[in-house]
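S.K.: There's a structure below that I have some questions on.
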Protein chains: 2
Amino acid sequence: MAIFTNSERCENCRSRSFLFDLISEQDQEILDRAKQEVSFNAGEIIFKQGAMLTHVVCVTTGLAKIYFEGLDKKNLVLRLVKPSELVGGPGMFVDQRHHYSLGAVEDTRVCFIEIGLYRELVFRNKPLAHEVMARESHHRIEMYEKLVNLTQKQMPGRVAEALIYLSTQVYESLKFQCTISRQELADLTAMSKESAIRILKDLKESGVVTIDGNFVEIIDMKGLEDISQKG
Amino acid sequence: MAIFTNSERCENCRSRSFLFDLISEQDQEILDRAKQEVSFNAGEIIFKQGAMLTHVVCVTTGLAKIYFEGLDKKNLVLRLVKPSELVGGPGMFVDQRHHYSLGAVEDTRVCFIEIGLYRELVFRNKPLAHEVMARESHHRIEMYEKLVNLTQKQMPGRVAEALIYLSTQVYESLKFQCTISRQELADLTAMSKESAIRILKDLKESGVVTIDGNFVEIIDMKGLEDISQKG
DNA sequence: CGTTTACATTGACAAATATCAATGAGCCTG
DNA sequence: CAGGCTCATTGATATTTGTCAATGTAAACG
């Protein structure tokens with residue numbers, strides 16, 4: 001975990017957050033100087049549930065997971081985070097603590113932004129405030145849908161749903177290398193690792209996907225959607 | 001469903017929202033004139049998932065449930081809403097639609113506040129904006145915990161959890177008349193009605209609670225918490 | 001009163017899912 | 001290259017949970 005302070009200027013960064021484009025030029029300068037870029041190896045924790053919330057984080061390369069640590073060391077993956085996405089945390093306005101953990105799935109770089117600065121940016125720049133609100137709300141809606149998926153669908157529907165999520169939202173291709181482990185897929189769909197593996201096999205045998213190790217290709221998206229819908 | 005426009009002045013209303021106390025006197029006047037109080041019978045829908053989000057709602061008497069309509073007409077109760085609580089909806093900043101339904105559990109009165117006015121109030125009054133953010137965040141945190149409860153705990157843990165919730169957050173007493181039906185308890189804990197009933201019976205037989213129809217008394221809160229913790 | 005209606009309860013059974021244990025496969029490391 | 005590591009896979013089994021059908025119960029109503 002090496003620190004690369006100001007390794008690059010935000011304005012040249014391909015993975016800069018939407019945040020950057022919604023603040024004044026003056027604030028852009030401030031942010032550029034204040035950010036701290038850090039790289040993490042796959043598997044490392046970027047911030048930990050329960051710890052003090054001192055920074056917000058923007059992922060610049062790699063892939064991270066937002067996960068909740070539940071009972072008996074079982075984790076629930078709430079969402080995967082791609083480059084240019086900003087991760088705040090609901091504790092920011094409540095108790096200054098993280099209420100979920102952020103972990104590197106692949107080797108990942110992130111920029112840390114100090115919470116006081118972030119808050120100022122939000123309050124000084126109305127377009128940013130609106131955008132933050134909209135994104136928070138959007139995540140909340142996704143959370144309701146996730147709640148229903150996990151509580152009302154059976155395993156095949158949940159795995160189908162997850163594969164569609166990975167394809168459309170994360171890897172953005174029908175054919176992708178699945179960099180999350182089987183355990184992480186299980187944590188994303190709230191089931192045991194063994195069950196996740198068995199369902200993947202079933203989907204493969206029924207011909208809607210091909211799976212070879214980490215390589216996944218969705219052959220029949222319509223069929224997969226049907227399975228996802230039916231629960 | 002009779003309308004009682006301005007049946008009472010907000011400043012005299014015992015169930016007025018925190019909102020009222022965080023805005024300027026001038027805005028208090030405006031709000032007082034603009035609000036629309038409506039009464040609903042138990043079982044009626046106050047607003048419906050999918051419908052246009054035109055108002056926010058403050059419950060003044062009774063009890064309401066926020067629920068998500070999922071697959072096969074199965075509902076998931078997200079939260080119960082007591083008098084003086086304000087219900088917005090995450091669609092407010094996204095697509096102007098309701099993403100969950102609000103239903104009257106008991107006979108319930110609510111005040112409707114037009115969304116345009118509400119938004120103005122939030123943007124004009126900074127203390128209110130902060131408070132809204134804090135409450136939203138708080139609900140989000142509760143949602144994560146709910147997600148873990150429902151996906152990682154077995155049924156006895158979930159029912160124990162629900163009874164504690166009802167006792168501490170809703171009816172605010174160790175002994176209460178449970179005005180939600182068995183079906184609604186099942187929708188709150190994501191299980192079938194029959195399972196909910198059986199677990200209640202088990203809890204009764206193991207002596208941690210007494211149950212007689214709708215009347216519930218928590219005898220052994222410690223024991224109930226243990227069951228809830230263990231999952 | 002009997003009847004209807006909605007809600008609550010119970011038991012028997014089937015389905016879904018987790019757990020446990022064993023094995024395999026790939027990859028690093030001394 | 002052998003050993004040790006992690007992750008993936010498989011089969012057998014036990015547990016959890018839902019479904020279905022029947023019955024009970026009590027308030028509501030003509």
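Just so we're on the same page: first chain in the structure tokens is A, next is B, and so on; residues restart at 1 for each chain, and ligands are numbered from 1 in the order they show up.
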Only residues of chain A matter here; which ones have an atom within 10 Å of chain B, counting only C-alpha atoms? Give them as a CSV table (one decimal) with all heavy atoms, in the first residue's frame.

M.R.:
chain,number,residue,atom,x,y,z
A,67,TYR,N,-19.2,-3.8,1.1
A,67,TYR,CA,-19.8,-5.0,1.7
A,67,TYR,C,-20.1,-4.7,3.2
A,67,TYR,O,-19.4,-3.9,3.8
A,67,TYR,CB,-19.0,-6.2,1.5
A,67,TYR,CG,-17.6,-6.2,2.2
A,67,TYR,CD1,-17.4,-6.9,3.3
A,67,TYR,CD2,-16.6,-5.5,1.6
A,67,TYR,CE1,-16.1,-6.9,3.9
A,67,TYR,CE2,-15.3,-5.5,2.2
A,67,TYR,CZ,-15.1,-6.2,3.3
A,67,TYR,OH,-13.8,-6.1,3.9
A,68,PHE,N,-21.1,-5.4,3.6
A,68,PHE,CA,-21.5,-5.2,5.0
A,68,PHE,C,-21.1,-6.5,5.8
A,68,PHE,O,-21.4,-7.6,5.3
A,68,PHE,CB,-23.0,-5.1,5.1
A,68,PHE,CG,-23.6,-4.6,6.4
A,68,PHE,CD1,-23.8,-3.2,6.6
A,68,PHE,CD2,-23.8,-5.5,7.4
A,68,PHE,CE1,-24.3,-2.8,7.8
A,68,PHE,CE2,-24.3,-5.0,8.6
A,68,PHE,CZ,-24.5,-3.6,8.8
A,69,GLU,N,-20.5,-6.3,6.9
A,69,GLU,CA,-20.0,-7.5,7.7
A,69,GLU,C,-21.1,-7.9,8.7
A,69,GLU,O,-21.4,-7.1,9.6
A,69,GLU,CB,-18.7,-7.2,8.4
A,69,GLU,CG,-17.7,-6.6,7.4
A,69,GLU,CD,-16.3,-6.5,8.0
A,69,GLU,OE1,-15.9,-7.3,8.9
A,69,GLU,OE2,-15.6,-5.5,7.6
A,70,GLY,N,-21.7,-9.0,8.4
A,70,GLY,CA,-22.8,-9.5,9.2
A,70,GLY,C,-22.5,-10.5,10.3
A,70,GLY,O,-21.4,-10.4,10.9
A,71,LEU,N,-23.3,-11.5,10.5
A,71,LEU,CA,-23.2,-12.5,11.5
A,71,LEU,C,-22.2,-13.5,11.1
A,71,LEU,O,-22.0,-13.9,9.9
A,71,LEU,CB,-24.5,-13.1,11.8
A,71,LEU,CG,-25.7,-12.1,12.0
A,71,LEU,CD1,-27.0,-12.9,12.1
A,71,LEU,CD2,-25.4,-11.3,13.3
A,72,ASP,N,-21.5,-14.1,12.1
A,72,ASP,CA,-20.6,-15.3,11.9
A,72,ASP,C,-19.6,-15.0,10.7
A,72,ASP,O,-19.4,-15.9,9.9
A,72,ASP,CB,-21.4,-16.5,11.5
A,72,ASP,CG,-22.4,-16.9,12.6
A,72,ASP,OD1,-22.1,-16.7,13.8
A,72,ASP,OD2,-23.5,-17.4,12.2
A,74,LYS,N,-20.0,-13.6,8.1
A,74,LYS,CA,-20.6,-13.7,6.8
A,74,LYS,C,-20.7,-12.2,6.2
A,74,LYS,O,-21.1,-11.3,6.9
A,74,LYS,CB,-21.9,-14.3,6.8
A,74,LYS,CG,-21.8,-15.8,6.4
A,74,LYS,CD,-23.2,-16.4,6.2
A,74,LYS,CE,-23.9,-16.8,7.5
A,74,LYS,NZ,-25.0,-17.7,7.4
A,75,ASN,N,-20.3,-12.0,5.0
A,75,ASN,CA,-20.4,-10.7,4.4
A,75,ASN,C,-21.5,-10.7,3.4
A,75,ASN,O,-21.9,-11.7,2.8
A,75,ASN,CB,-19.1,-10.4,3.6
A,75,ASN,CG,-17.9,-10.3,4.6
A,75,ASN,OD1,-18.1,-9.9,5.7
A,75,ASN,ND2,-16.7,-10.6,4.1
A,76,LEU,N,-22.0,-9.5,3.2
A,76,LEU,CA,-23.0,-9.2,2.2
A,76,LEU,C,-22.5,-8.1,1.3
A,76,LEU,O,-22.2,-7.0,1.7
A,76,LEU,CB,-24.3,-8.8,2.8
A,76,LEU,CG,-25.5,-8.6,1.9
A,76,LEU,CD1,-25.9,-9.9,1.3
A,76,LEU,CD2,-26.7,-8.0,2.7
A,78,LEU,N,-22.8,-5.3,-1.1
A,78,LEU,CA,-23.9,-4.4,-1.5
A,78,LEU,C,-23.8,-4.0,-2.9
A,78,LEU,O,-24.8,-3.8,-3.6
A,78,LEU,CB,-23.9,-3.2,-0.5
A,78,LEU,CG,-24.1,-3.5,1.0
A,78,LEU,CD1,-23.8,-2.2,1.8
A,78,LEU,CD2,-25.5,-4.1,1.2
A,89,GLY,N,-20.6,7.3,2.2
A,89,GLY,CA,-20.9,6.5,3.3
A,89,GLY,C,-22.0,7.3,4.1
A,89,GLY,O,-21.8,8.5,4.3
A,90,PRO,N,-23.0,6.6,4.5
A,90,PRO,CA,-24.1,7.2,5.2
A,90,PRO,C,-23.8,7.8,6.6
A,90,PRO,O,-24.5,8.6,7.1
A,90,PRO,CB,-25.2,6.1,5.3
A,90,PRO,CG,-24.4,4.9,5.3
A,90,PRO,CD,-23.2,5.1,4.5
A,91,GLY,N,-22.7,7.3,7.1
A,91,GLY,CA,-22.3,7.8,8.4
A,91,GLY,C,-21.9,9.3,8.4
A,91,GLY,O,-21.7,9.9,9.5
A,92,MET,N,-21.6,9.8,7.2
A,92,MET,CA,-21.1,11.2,7.1
A,92,MET,C,-22.0,12.2,7.8
A,92,MET,O,-21.5,13.2,8.3
A,92,MET,CB,-21.1,11.5,5.6
A,92,MET,CG,-20.0,12.5,5.3
A,92,MET,SD,-19.8,12.5,3.5
A,92,MET,CE,-21.1,13.7,3.0
A,93,PHE,N,-23.3,12.0,7.8
A,93,PHE,CA,-24.2,13.0,8.4
A,93,PHE,C,-24.7,12.5,9.7
A,93,PHE,O,-25.7,13.1,10.3
A,93,PHE,CB,-25.3,13.3,7.5
A,93,PHE,CG,-24.9,14.0,6.2
A,93,PHE,CD1,-24.7,13.3,5.1
A,93,PHE,CD2,-24.6,15.3,6.2
A,93,PHE,CE1,-24.2,13.9,3.9
A,93,PHE,CE2,-24.2,16.0,5.1
A,93,PHE,CZ,-24.0,15.2,3.9
A,94,VAL,N,-24.2,11.4,10.2
A,94,VAL,CA,-24.8,10.8,11.4
A,94,VAL,C,-23.8,10.7,12.5
A,94,VAL,O,-23.8,11.4,13.5
A,94,VAL,CB,-25.4,9.4,11.1
A,94,VAL,CG1,-26.0,8.8,12.3
A,94,VAL,CG2,-26.4,9.5,10.0
A,95,ASP,N,-22.8,9.8,12.4
A,95,ASP,CA,-21.9,9.5,13.5
A,95,ASP,C,-20.5,9.4,13.1
A,95,ASP,O,-19.6,9.0,13.9
A,95,ASP,CB,-22.3,8.2,14.2
A,95,ASP,CG,-22.4,7.0,13.2
A,95,ASP,OD1,-22.0,7.2,12.1
A,95,ASP,OD2,-22.7,5.9,13.7
A,98,HIS,N,-17.9,4.6,9.5
A,98,HIS,CA,-18.3,3.8,8.3
A,98,HIS,C,-19.3,2.7,8.7
A,98,HIS,O,-19.1,2.0,9.7
A,98,HIS,CB,-17.0,3.1,7.7
A,98,HIS,CG,-16.1,4.1,7.0
A,98,HIS,ND1,-16.4,4.7,5.8
A,98,HIS,CD2,-14.9,4.5,7.3
A,98,HIS,CE1,-15.4,5.5,5.5
A,98,HIS,NE2,-14.5,5.4,6.4
A,99,HIS,N,-20.3,2.6,7.9
A,99,HIS,CA,-21.3,1.6,8.2
A,99,HIS,C,-21.2,0.4,7.2
A,99,HIS,O,-22.0,-0.5,7.2
A,99,HIS,CB,-22.7,2.2,8.2
A,99,HIS,CG,-22.9,3.1,9.4
A,99,HIS,ND1,-23.4,2.6,10.5
A,99,HIS,CD2,-22.6,4.4,9.6
A,99,HIS,CE1,-23.5,3.6,11.4
A,99,HIS,NE2,-23.0,4.7,10.9
A,100,TYR,N,-20.2,0.5,6.4
A,100,TYR,CA,-19.9,-0.7,5.6
A,100,TYR,C,-18.4,-0.7,5.3
A,100,TYR,O,-17.8,0.4,5.5
A,100,TYR,CB,-20.7,-0.8,4.3
A,100,TYR,CG,-20.9,0.5,3.5
A,100,TYR,CD1,-19.8,1.1,2.9
A,100,TYR,CD2,-22.1,1.0,3.2
A,100,TYR,CE1,-19.9,2.2,2.1
A,100,TYR,CE2,-22.2,2.2,2.5
A,100,TYR,CZ,-21.1,2.8,1.9
A,100,TYR,OH,-21.3,3.9,1.2
A,123,PHE,N,-21.5,21.9,0.0
A,123,PHE,CA,-22.3,23.0,0.4
A,123,PHE,C,-22.0,24.3,-0.4
A,123,PHE,O,-22.9,25.1,-0.5
A,123,PHE,CB,-22.1,23.3,1.9
A,123,PHE,CG,-22.9,22.3,2.8
A,123,PHE,CD1,-22.2,21.5,3.7
A,123,PHE,CD2,-24.3,22.1,2.6
A,123,PHE,CE1,-23.0,20.6,4.5
A,123,PHE,CE2,-25.0,21.2,3.3
A,123,PHE,CZ,-24.3,20.4,4.3
A,126,LYS,N,-23.8,24.2,-5.6
A,126,LYS,CA,-25.2,23.7,-5.6
A,126,LYS,C,-25.4,22.5,-6.6
A,126,LYS,O,-26.1,21.5,-6.3
A,126,LYS,CB,-26.2,24.8,-5.9
A,126,LYS,CG,-27.3,24.8,-4.8
A,126,LYS,CD,-28.2,25.9,-4.9
A,126,LYS,CE,-29.1,25.9,-3.7
A,126,LYS,NZ,-29.9,27.1,-3.5
A,130,HIS,N,-27.0,18.8,-5.6
A,130,HIS,CA,-28.1,18.2,-6.3
A,130,HIS,C,-27.7,16.8,-6.8
A,130,HIS,O,-28.4,15.8,-6.6
A,130,HIS,CB,-28.6,19.0,-7.5
A,130,HIS,CG,-29.5,20.1,-7.1
A,130,HIS,ND1,-30.8,20.1,-7.3
A,130,HIS,CD2,-29.2,21.3,-6.5
A,130,HIS,CE1,-31.4,21.2,-6.8
A,130,HIS,NE2,-30.4,22.0,-6.3
A,131,GLU,N,-26.5,16.7,-7.4
A,131,GLU,CA,-26.1,15.5,-8.0
A,131,GLU,C,-25.9,14.4,-6.9
A,131,GLU,O,-26.2,13.3,-7.0
A,131,GLU,CB,-24.8,15.7,-8.8
A,131,GLU,CG,-24.3,14.5,-9.5
A,131,GLU,CD,-25.3,14.0,-10.6
A,131,GLU,OE1,-26.1,14.8,-11.1
A,131,GLU,OE2,-25.2,12.8,-11.0
A,132,VAL,N,-25.3,14.9,-5.8
A,132,VAL,CA,-25.1,14.0,-4.7
A,132,VAL,C,-26.4,13.4,-4.1
A,132,VAL,O,-26.6,12.2,-3.9
A,132,VAL,CB,-24.3,14.7,-3.5
A,132,VAL,CG1,-24.4,13.9,-2.2
A,132,VAL,CG2,-22.9,14.9,-3.9
A,133,MET,N,-27.4,14.3,-4.0
A,133,MET,CA,-28.7,13.9,-3.5
A,133,MET,C,-29.3,12.8,-4.5
A,133,MET,O,-29.8,11.8,-4.1
A,133,MET,CB,-29.6,15.1,-3.5
A,133,MET,CG,-29.6,15.8,-2.2
A,133,MET,SD,-30.0,14.8,-0.8
A,133,MET,CE,-31.5,15.5,-0.3
A,134,ALA,N,-29.2,13.2,-5.8
A,134,ALA,CA,-29.8,12.3,-6.8
A,134,ALA,C,-29.1,10.9,-6.8
A,134,ALA,O,-29.8,9.9,-6.8
A,134,ALA,CB,-29.6,12.9,-8.2
A,135,ARG,N,-27.8,10.9,-6.6
A,135,ARG,CA,-27.1,9.6,-6.6
A,135,ARG,C,-27.4,8.8,-5.3
A,135,ARG,O,-27.6,7.6,-5.4
A,135,ARG,CB,-25.6,9.8,-6.7
A,135,ARG,CG,-25.2,10.1,-8.1
A,135,ARG,CD,-23.8,10.6,-8.3
A,135,ARG,NE,-23.6,11.0,-9.7
A,135,ARG,CZ,-22.8,10.3,-10.5
A,135,ARG,NH1,-22.2,9.3,-10.2
A,135,ARG,NH2,-22.7,10.8,-11.8
A,136,GLU,N,-27.5,9.5,-4.2
A,136,GLU,CA,-27.8,8.8,-3.0
A,136,GLU,C,-29.2,8.2,-3.1
A,136,GLU,O,-29.4,7.0,-2.8
A,136,GLU,CB,-27.9,9.9,-1.8
A,136,GLU,CG,-26.6,10.4,-1.4
A,136,GLU,CD,-26.0,9.6,-0.4
A,136,GLU,OE1,-26.6,9.1,0.5
A,136,GLU,OE2,-24.7,9.4,-0.5
A,137,SER,N,-30.1,8.9,-3.7
A,137,SER,CA,-31.5,8.4,-3.8
A,137,SER,C,-31.5,7.2,-4.8
A,137,SER,O,-32.2,6.3,-4.5
A,137,SER,CB,-32.4,9.5,-4.4
A,137,SER,OG,-32.4,10.7,-3.6
A,138,HIS,N,-30.7,7.3,-5.8
A,138,HIS,CA,-30.7,6.2,-6.7
A,138,HIS,C,-30.2,5.0,-6.1
A,138,HIS,O,-30.7,3.9,-6.3
A,138,HIS,CB,-29.7,6.6,-7.9
A,138,HIS,CG,-29.8,5.7,-9.1
A,138,HIS,ND1,-28.7,4.9,-9.4
A,138,HIS,CD2,-30.8,5.4,-9.9
A,138,HIS,CE1,-29.1,4.1,-10.4
A,138,HIS,NE2,-30.3,4.4,-10.8
A,139,HIS,N,-29.1,5.1,-5.3
A,139,HIS,CA,-28.6,3.9,-4.5
A,139,HIS,C,-29.7,3.4,-3.6
A,139,HIS,O,-29.8,2.2,-3.4
A,139,HIS,CB,-27.4,4.3,-3.8
A,139,HIS,CG,-26.2,4.4,-4.7
A,139,HIS,ND1,-25.2,5.3,-4.5
A,139,HIS,CD2,-25.8,3.8,-5.8
A,139,HIS,CE1,-24.3,5.2,-5.4
A,139,HIS,NE2,-24.7,4.3,-6.3
A,140,ARG,N,-30.5,4.3,-3.0
A,140,ARG,CA,-31.5,3.8,-2.1
A,140,ARG,C,-32.5,3.0,-2.8
A,140,ARG,O,-33.0,1.9,-2.3
A,140,ARG,CB,-32.1,5.0,-1.4
A,140,ARG,CG,-32.3,4.9,0.1
A,140,ARG,CD,-32.8,6.1,0.7
A,140,ARG,NE,-34.1,6.0,1.1
A,140,ARG,CZ,-34.9,7.0,1.4
A,140,ARG,NH1,-34.4,8.3,1.4
A,140,ARG,NH2,-36.1,6.9,1.8
A,141,ILE,N,-32.9,3.4,-4.0
A,141,ILE,CA,-33.9,2.7,-4.8
A,141,ILE,C,-33.3,1.3,-5.1
A,141,ILE,O,-34.0,0.3,-5.0
A,141,ILE,CB,-34.2,3.5,-6.0
A,141,ILE,CG1,-35.0,4.7,-5.6
A,141,ILE,CG2,-35.1,2.6,-7.0
A,141,ILE,CD1,-35.2,5.8,-6.8
A,142,GLU,N,-32.0,1.3,-5.5
A,142,GLU,CA,-31.4,0.0,-5.9
A,142,GLU,C,-31.4,-0.9,-4.6
A,142,GLU,O,-31.5,-2.1,-4.8
A,142,GLU,CB,-30.0,0.2,-6.4
A,142,GLU,CG,-29.9,0.8,-7.8
A,142,GLU,CD,-28.5,1.0,-8.2
A,142,GLU,OE1,-27.6,1.2,-7.4
A,142,GLU,OE2,-28.3,1.1,-9.4
A,143,MET,N,-31.2,-0.3,-3.5
A,143,MET,CA,-31.2,-1.1,-2.3
A,143,MET,C,-32.5,-1.8,-2.0
A,143,MET,O,-32.6,-2.9,-1.6
A,143,MET,CB,-30.8,-0.2,-1.1
A,143,MET,CG,-30.2,-0.9,0.1
A,143,MET,SD,-28.8,-1.9,-0.3
A,143,MET,CE,-27.7,-0.6,-1.1
A,144,TYR,N,-33.6,-1.0,-2.3
A,144,TYR,CA,-34.9,-1.7,-2.1
A,144,TYR,C,-35.1,-2.8,-3.0
A,144,TYR,O,-35.6,-3.9,-2.7
A,144,TYR,CB,-36.1,-0.7,-2.4
A,144,TYR,CG,-36.1,0.5,-1.4
A,144,TYR,CD1,-36.3,1.8,-1.8
A,144,TYR,CD2,-35.9,0.3,0.0
A,144,TYR,CE1,-36.4,2.8,-1.0
A,144,TYR,CE2,-35.9,1.3,0.8
A,144,TYR,CZ,-36.2,2.6,0.4
A,144,TYR,OH,-36.2,3.7,1.2
A,145,GLU,N,-34.6,-2.6,-4.3
A,145,GLU,CA,-34.8,-3.7,-5.2
A,145,GLU,C,-33.9,-4.9,-4.8
A,145,GLU,O,-34.3,-6.0,-4.9
A,145,GLU,CB,-34.4,-3.2,-6.6
A,145,GLU,CG,-35.5,-2.4,-7.3
A,145,GLU,CD,-35.1,-1.5,-8.4
A,145,GLU,OE1,-33.9,-1.6,-8.8
A,145,GLU,OE2,-36.0,-0.7,-8.8
A,146,LYS,N,-32.8,-4.6,-4.3
A,146,LYS,CA,-31.9,-5.7,-3.8
A,146,LYS,C,-32.6,-6.5,-2.7
A,146,LYS,O,-32.5,-7.7,-2.6
A,146,LYS,CB,-30.5,-5.1,-3.4
A,146,LYS,CG,-29.5,-6.2,-3.0
A,146,LYS,CD,-28.1,-5.7,-2.9
A,146,LYS,CE,-27.1,-6.8,-2.6
A,146,LYS,NZ,-26.6,-7.4,-3.8
A,147,LEU,N,-33.2,-5.7,-1.8
A,147,LEU,CA,-33.9,-6.3,-0.7
A,147,LEU,C,-34.9,-7.3,-1.2
A,147,LEU,O,-35.0,-8.4,-0.7
A,147,LEU,CB,-34.5,-5.2,0.2
A,147,LEU,CG,-34.8,-5.4,1.6
A,147,LEU,CD1,-33.6,-6.0,2.4
A,147,LEU,CD2,-35.2,-4.0,2.2
A,148,VAL,N,-35.7,-6.9,-2.2
A,148,VAL,CA,-36.7,-7.8,-2.7
A,148,VAL,C,-36.1,-9.0,-3.4
A,148,VAL,O,-36.5,-10.1,-3.2
A,148,VAL,CB,-37.7,-7.0,-3.6
A,148,VAL,CG1,-38.5,-8.0,-4.4
A,148,VAL,CG2,-38.5,-6.1,-2.9
A,149,ASN,N,-35.0,-8.7,-4.2
A,149,ASN,CA,-34.4,-9.8,-4.9
A,149,ASN,C,-33.9,-10.9,-3.9
A,149,ASN,O,-34.1,-12.1,-4.1
A,149,ASN,CB,-33.1,-9.3,-5.7
A,149,ASN,CG,-33.6,-8.6,-6.9
A,149,ASN,OD1,-34.6,-8.9,-7.5
A,149,ASN,ND2,-32.7,-7.6,-7.3
A,150,LEU,N,-33.2,-10.4,-2.9
A,150,LEU,CA,-32.6,-11.3,-1.9
A,150,LEU,C,-33.7,-12.0,-1.0
A,150,LEU,O,-33.4,-13.2,-0.6
A,150,LEU,CB,-31.6,-10.6,-1.1
A,150,LEU,CG,-30.4,-10.1,-1.8
A,150,LEU,CD1,-29.4,-9.6,-0.8
A,150,LEU,CD2,-29.8,-11.1,-2.7
A,151,THR,N,-34.8,-11.4,-0.8
A,151,THR,CA,-35.7,-12.0,0.1
A,151,THR,C,-36.9,-12.8,-0.6
A,151,THR,O,-37.5,-13.6,0.0
A,151,THR,CB,-36.4,-11.0,1.1
A,151,THR,OG1,-37.0,-10.0,0.3
A,151,THR,CG2,-35.3,-10.4,2.0
A,152,GLN,N,-37.1,-12.4,-1.8
A,152,GLN,CA,-38.3,-13.0,-2.5
A,152,GLN,C,-38.0,-13.9,-3.7
A,152,GLN,O,-38.8,-14.6,-4.2
A,152,GLN,CB,-39.3,-11.9,-2.9
A,152,GLN,CG,-39.8,-11.1,-1.8
A,152,GLN,CD,-40.9,-10.2,-2.1
A,152,GLN,OE1,-41.3,-10.0,-3.3
A,152,GLN,NE2,-41.5,-9.5,-1.1
A,153,LYS,N,-36.7,-13.8,-4.1
A,153,LYS,CA,-36.3,-14.7,-5.2
A,153,LYS,C,-35.6,-15.9,-4.7
A,153,LYS,O,-34.8,-15.9,-3.8
A,153,LYS,CB,-35.5,-14.0,-6.2
A,153,LYS,CG,-36.2,-13.0,-7.2
A,153,LYS,CD,-35.2,-12.5,-8.2
A,153,LYS,CE,-35.9,-11.4,-9.0
A,153,LYS,NZ,-34.9,-10.6,-9.8
A,189,THR,N,-25.1,-12.5,-3.6
A,189,THR,CA,-26.4,-13.1,-3.8
A,189,THR,C,-27.0,-13.7,-2.5
A,189,THR,O,-28.1,-14.3,-2.6
A,189,THR,CB,-26.4,-14.2,-4.9
A,189,THR,OG1,-25.3,-15.0,-4.7
A,189,THR,CG2,-26.2,-13.5,-6.3
A,190,ALA,N,-26.3,-13.5,-1.5
A,190,ALA,CA,-26.7,-14.0,-0.1
A,190,ALA,C,-27.0,-15.5,-0.1
A,190,ALA,O,-28.1,-15.9,0.2
A,190,ALA,CB,-28.0,-13.2,0.3
A,191,MET,N,-26.0,-16.3,-0.5
A,191,MET,CA,-26.2,-17.7,-0.4
A,191,MET,C,-24.8,-18.4,-0.1
A,191,MET,O,-23.8,-17.6,0.0
A,191,MET,CB,-26.7,-18.3,-1.7
A,191,MET,CG,-25.8,-18.1,-2.9
A,191,MET,SD,-26.6,-18.7,-4.5
A,191,MET,CE,-27.9,-17.4,-4.7
A,229,GLN,N,-36.5,-12.9,-13.6
A,229,GLN,CA,-37.8,-12.4,-13.3
A,229,GLN,C,-38.6,-13.4,-12.5
A,229,GLN,O,-39.3,-13.1,-11.5
A,229,GLN,CB,-38.6,-12.2,-14.6
A,229,GLN,CG,-38.0,-11.1,-15.5
A,229,GLN,CD,-38.3,-9.7,-15.0
A,229,GLN,OE1,-39.4,-9.5,-14.5
A,229,GLN,NE2,-37.3,-8.9,-15.0
A,230,LYS,N,-38.6,-14.7,-13.0
A,230,LYS,CA,-39.4,-15.7,-12.3
A,230,LYS,C,-39.1,-15.9,-10.9
A,230,LYS,O,-39.9,-16.4,-10.1
A,230,LYS,CB,-39.2,-17.0,-13.1
A,230,LYS,CG,-40.2,-17.2,-14.2
A,230,LYS,CD,-40.3,-18.7,-14.6
A,230,LYS,CE,-39.0,-19.4,-14.9
A,230,LYS,NZ,-38.7,-19.8,-16.2
A,231,GLY,N,-37.9,-15.5,-10.5
A,231,GLY,CA,-37.5,-15.7,-9.1
A,231,GLY,C,-37.0,-17.0,-8.9
A,231,GLY,O,-37.0,-17.6,-7.9

S.K.: What's the 12 Å shell around DA22 in chain C, counting only C-alpha atoms (C1' of nucleotides), without same-chain residues fewer than 3 positions away, as number ranges by chain?

M.R.: D: 9-12

S.K.: When distances are computed from only C-alpha atoms (C1' of nucleotides), which of B:Leu203, B:Met155, B:Ala51, B:Ile197 shows the smallest separation from chain D?

M.R.: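 Residue with the minimum atom-to-atom distance to chain D: B:Met155.
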
S.K.: Just asking: which residues within range 60-220 of chain A are strand (DSSP E or B) according to DSSP, as a ChimeraX atom specification?

M.R.: /A:60-61,64-69,75-81,86-87,97,101-104,108-114,175-177,209-212,215-218

S.K.: For Leu117 in chain A, find every residue with an atom within 10 Å (counting only C-alpha atoms (C1' of nucleotides)), except residues of its own chain fewer than 5 positions away, and show them as a PyMOL selection string.

M.R.: chain A and resi 27+30-31+34-35+55-56+122-123

S.K.: Compile the residues of chain C that lie within 10 Å of chain B, evaluated using only C-alpha atoms (C1' of nucleotides), and express the compilation as a short mmCIF file (atom, residue, chain, number, x, y, z; two decimals) with C-alpha atoms (C1' of nucleotides), in the first residue's frame.

M.R.:
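selection_12.cif was written with the following content:
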data_model
loop_
_atom_site.label_atom_id
_atom_site.label_comp_id
_atom_site.auth_asym_id
_atom_site.auth_seq_id
_atom_site.Cartn_x
_atom_site.Cartn_y
_atom_site.Cartn_z
"C1'" DC C 7 -57.99 -13.51 9.89
"C1'" DA C 8 -55.51 -17.02 12.73
"C1'" DT C 9 -53.96 -21.66 13.55
"C1'" DT C 10 -52.47 -26.36 12.82
#

S.K.: At most 10 Å is the cut-off: for each residue in chain D with any atom that close to an atom of chain B, write down the nearest atom pair and the distance in Å rounded to one decimal, counting only C-alpha atoms (C1' of nucleotides), chain first then increasing number, as a tab-separated table.

M.R.:
residue	atom	partner	partner_atom	distance
D:DT16	C1'	B:Gln154	CA	8.1
D:DT17	C1'	B:Ser195	CA	7.8
D:DG18	C1'	B:Ser192	CA	6.9
D:DT19	C1'	B:Ser192	CA	9.4

S.K.: Determine which residues of range 92-150 of chain A receive a DSSP assignment of helix (DSSP H, G or I), computed from the backbone, and state them as a PyMOL selection string.

M.R.: chain A and resi 92-93+115-124+126-150
